[in-house]
There are 2 protein chains.
Amino acid sequence: MNAAKRMMVVGDGGWGTALAVLLDANGCDVGLWAYDPEYAELMQETRTNPRFLPGFDVPAGIRISSSFEELVQGTELFVSAVPTSYLRSVWERHAPLVAPHVPLVSVSKGLEDGTLLRPTQILANILGDHPIAVLSGPNIAREIAHGLPAVTVVACPQPDIAERIQHTFNSDVLRVYRNPDPLGVELGGVLKNVIAIAAGMCDGLKLGANAKSALVSRGVVEMARLGERLGGHRATFFGVSGLGDLLTTCYSPASRNRTFGERLGRGERAADISASMTMVAEGVKTSKPVHELMCEHGLQLPISEQVYYAIHEDKPAKEVLRSLMTRVVKDEAEDLL
Amino acid sequence: MNAAKRMMVVGDGGWGTALAVLLDANGCDVGLWAYDPEYAELMQETRTNPRFLPGFDVPAGIRISSSFEELVQGTELFVSAVPTSYLRSVWERHAPLVAPHVPLVSVSKGLEDGTLLRPTQILANILGDHPIAVLSGPNIAREIAHGLPAVTVVACPQPDIAERIQHTFNSDVLRVYRNPDPLGVELGGVLKNVIAIAAGMCDGLKLGANAKSALVSRGVVEMARLGERLGGHRATFFGVSGLGDLLTTCYSPASRNRTFGERLGRGERAADISASMTMVAEGVKTSKPVHELMCEHGLQLPISEQVYYAIHEDKPAKEVLRSLMTRVVKDEAEDLL
């Protein structure tokens with residue numbers, strides 16, 4: 001099994017850049033595509049990405065360009081690292097340059113506004129019957145750029161492609177697991193953000209470790225319950241790409257979704273918090289479709305439901321937590337179904 | 001269904017005292033038994049427990065004594081909150097005073113030195129065919145004494161007793177779930193301590209959120225794998241008494257097991273850390289039987305195995321983490337079995 005050698009990372013955000021650096025270190029020939037020609041030039045000249053991954057060098061071996069055409073030749077694997085909100089426009093523009101047999105691995109997290117499609121669904125819309133994998137896990141880009149060890153998960157309907165991607169990305173820094181459930185892997189990275197807002201509310205209300213642990217452990221059950229209903233495998237949500245990613249988002253001080261919840265917990269209004277943040281907290285957007293799906297499928301998702309009320313109905317954080325604590329007590333095993 | 005009204009909490013540690021206070025607030029008539037007559041007198045006079053739960057009042061309604069005989073009359077439910085290492089001697093001494101039909105709920109965590117028995121097994125040894133339940137969860141005693149919200153789990157072979165205990169303990173502060181798997185609930189509180197030592201090693205080595213999240217999410221899989229082999233239900237370990245308790249222990253700065261691991265991570269030797277701690281970290285003791293069970297059953301428990309090497313063979317923390325990160329990459333789904 002040969003690892004892919006000539007790669008193209010589409011998107012110069014923190015995660016795309018960190019992955020380009022990692023693949024370069026793994027011996028790949030890496031092209032890094034940036035949307036903005038001026039910024040591509042600046043990166044090329046300074047060999048840094050000051051806007052999205054400040055403080056790290058971009059090795060000389062990485063070809064940086066805003067010309068897709070210039071980078072694409074001979075590409076054996078695409079890495080799609082475009083923010084979900086720009087995903088459709090970027091790939092629609094460049095789809096004619098993508099050879100049909102070249103696999104693509106999506107590392108974006110989130111749902112498309114309006115359509116509520118997952119990144120791999122958007123890509124399939126555009127690229128048709130194309131081999132598309134997903135890579136997701138507890139992966140703060142800055143930590144990986146620092147060389148701190150991490151684990152991630154790759155999943156793909158074609159097992160041979162998953163294995164090839166696994167060996168391409170695997171390194172001393174990043175341990176890559178395979179998982180046969182691409183839908184579950186991708187959904188884990190989406191659903192965790194709603195739970196992380198609730199975990200942040202615990203922090204903002206200074207409720208302590210007991211309450212936050214209970215909430216996070218009940219939260220992953222909600223992720224699994226909804227994810228399974230949507231077609232994912234239950235076990236995936238309790239794995240590294242589900243629970244693991246949830247933990248990073250709930251416990252890292254830097255997490256946008258956790259911070260959003262913390263500010264709700266301190267009494268700020270959702271609209272005011274959103275207005276003050278430069279990048280949107282994905283969980284704010286996700287809370288709405290999750291609530292719709294909950295109603296549509298008649299699911300018990302008490303934490304996600306309360307996050308929805310906190311964001312969309314200005315329900316105070318204290319009352320949100322009180323609602324969660326005063327639910328009718330029952331059998332945990334029943335509740336786990 | 002009537003909640004029990006006249007209760008006896010055996011053990012004046014932080015958890016026993018916090019539960020006595022909670023039951024008193026729930027309207028129960030509570031006796032709190034202390035081993036040391038002088039200390040019982042001091043608590044009775046000052047209405048505080050300065051050694052084990054400093055900073056909190058013990059309400060006047062709680063009867064405090066070192067005389068088991070004095071407190072036991074009319075008891076409708078025993079709460080056994082004795083540290084596991086003293087459990088056998090305390091209950092052997094007082095077994096003749098325990099009426100055979102009065103349920104007992106065990107809240108001790110850990111395994112008995114030498115025999116490796118769980119608290120409820122020790123109690124069954126002494127009390128014979130007696131209704132024994134277990135209550136366990138992410139429950140830092142000080143937080144509950146502060147009135148911060150928490151969740152816990154009660155499990156018992158007799159469902160009616162579990163339900164009675166649930167309603168006795170349930171309050172605005174403590175939400176009580178039932179679980180039909182007493183063995184799994186009790187084991188969760190034991191096995192989590194070994195994983196927490198590994199999580200602490202991540203902290204001591206400053207490995208960041210990615211590594212710690214991955215380790216904790218793989219750790220709960222190890223708990224479930226061993227726990228299931230020992231007869232527990234797999235789902236229990238992913239519930240509040242398993243994962244939830246694990247999270248509190250891995251993320252609370254105050255956790256002894258996490259702190260032990262943190263000091264290992266900073267380069268201290270296990271023997272030196274143990275010598276400097278006033279109370280032993282349970283996971284240090286538990287690491288040995290877990291390793292024996294791993295070998296005996298031929299289980300893959302890589303994290304627990306490496307914790308064993310760190311403690312018992314002075315394997316440096318850096319190498320422990322390197323061993324975990326350089327394992328052969330494989331299918332996560334396979335690994336989840």
# chains A, B, ... in the order shown; residues from 1 in each chain; ligands from 1
$ interface_residues --of "chain A" --to "chain B" --cutoff "6 Å" --atoms "only C-alpha atoms" --output "mmCIF file with C-alpha atoms, in the first residue's frame"
data_model
loop_
_atom_site.group_PDB
_atom_site.id
_atom_site.type_symbol
_atom_site.label_atom_id
_atom_site.label_comp_id
_atom_site.auth_asym_id
_atom_site.auth_seq_id
_atom_site.Cartn_x
_atom_site.Cartn_y
_atom_site.Cartn_z
ATOM 1 C CA PRO A 138 -10.054 16.330 18.361
ATOM 2 C CA ASN A 139 -7.654 18.435 16.327
ATOM 3 C CA LEU A 148 1.935 18.026 20.028
ATOM 4 C CA PRO A 149 0.536 14.498 19.606
ATOM 5 C CA ALA A 150 -3.043 14.015 18.402
ATOM 6 C CA TYR A 177 -7.685 5.629 12.954
ATOM 7 C CA ARG A 178 -9.993 4.277 10.286
ATOM 8 C CA ASN A 179 -13.724 4.065 10.847
ATOM 9 C CA LEU A 207 -21.372 25.067 38.375
ATOM 10 C CA ALA A 209 -16.806 19.731 37.676
ATOM 11 C CA ASN A 210 -19.688 17.464 38.748
ATOM 12 C CA ALA A 211 -22.311 19.280 36.699
ATOM 13 C CA SER A 213 -19.030 16.070 33.609
ATOM 14 C CA ALA A 214 -22.613 14.912 33.884
ATOM 15 C CA SER A 217 -21.530 12.505 29.392
ATOM 16 C CA VAL A 240 -12.375 9.658 18.997
ATOM 17 C CA GLY A 244 -12.927 12.867 21.659
ATOM 18 C CA LEU A 247 -14.038 16.801 24.924
ATOM 19 C CA THR A 248 -11.594 19.123 23.161
ATOM 20 C CA LYS A 330 -35.641 7.804 35.592
ATOM 21 C CA ASP A 331 -33.671 4.824 34.510
ATOM 22 C CA GLU A 332 -30.344 5.753 32.934
ATOM 23 C CA ALA A 333 -30.364 2.584 30.857
#
$ select_by_dssp --residues "range 8-240 of chain B" --states "strand (DSSP E)" --output "PyMOL selection string"
chain B and resi 8-10+29-33+48-49+53-57+63-65+77-80+104-106+132-136+150-155+174-178
$ closest_residue --among "A:Leu104, A:Ala18, A:Val82, A:Val58" --to "Ala34 in chain A" --atoms "only C-alpha atoms"
A:Val82
$ residues_around --residues "range 315-320 of chain A" --least-positions-apart "4" --cutoff "10 Å" --atoms "only C-alpha atoms" --output "PyMOL selection string"
chain A and resi 198+201-202+204-205+261-270+302-303+305-311+324-325
$ atom_distance --atom1 "CA of Leu32 in chain A" --atom2 "CA of Thr84 in chain A"
17.7 Å
$ select_by_dssp --residues "range 38-207 of chain B" --states "alpha helix (DSSP H)" --output "PyMOL selection string"
chain B and resi 38-46+68-72+84-94+119-127+141-145+159-169+182-204
$ closest_atom_pairs --of "range 159-185 of chain B" --to "range 114-123 of chain B" --cutoff "12 Å" --atoms "only C-alpha atoms" --output "Markdown table"
| residue | atom | partner | partner_atom | distance |
| --- | --- | --- | --- | --- |
| B:Pro182 | CA | B:Thr120 | CA | 9.2 |
| B:Leu183 | CA | B:Thr120 | CA | 8.9 |
| B:Gly184 | CA | B:Arg118 | CA | 11.2 |
| B:Val185 | CA | B:Thr120 | CA | 11.2 |
$ closest_residue --among "A:Phe260, A:Ala196, A:Leu191, A:Arg164" --to "Ser276 in chain A" --atoms "only C-alpha atoms"
A:Phe260
$ closest_residue --among "B:Asp160, B:Glu92, B:Asp203, B:Glu228" --to "Leu127 in chain B" --atoms "only C-alpha atoms"
B:Glu92
$ atom_distance --atom1 "CA of Asp272 in chain A" --atom2 "CA of Ser255 in chain A"
18.1 Å
$ residues_around --residues "range 66-72 of chain A" --least-positions-apart "6" --cutoff "7 Å" --atoms "only C-alpha atoms" --output "MDAnalysis selection string"
chainID A and resid 8 31 33:37 40
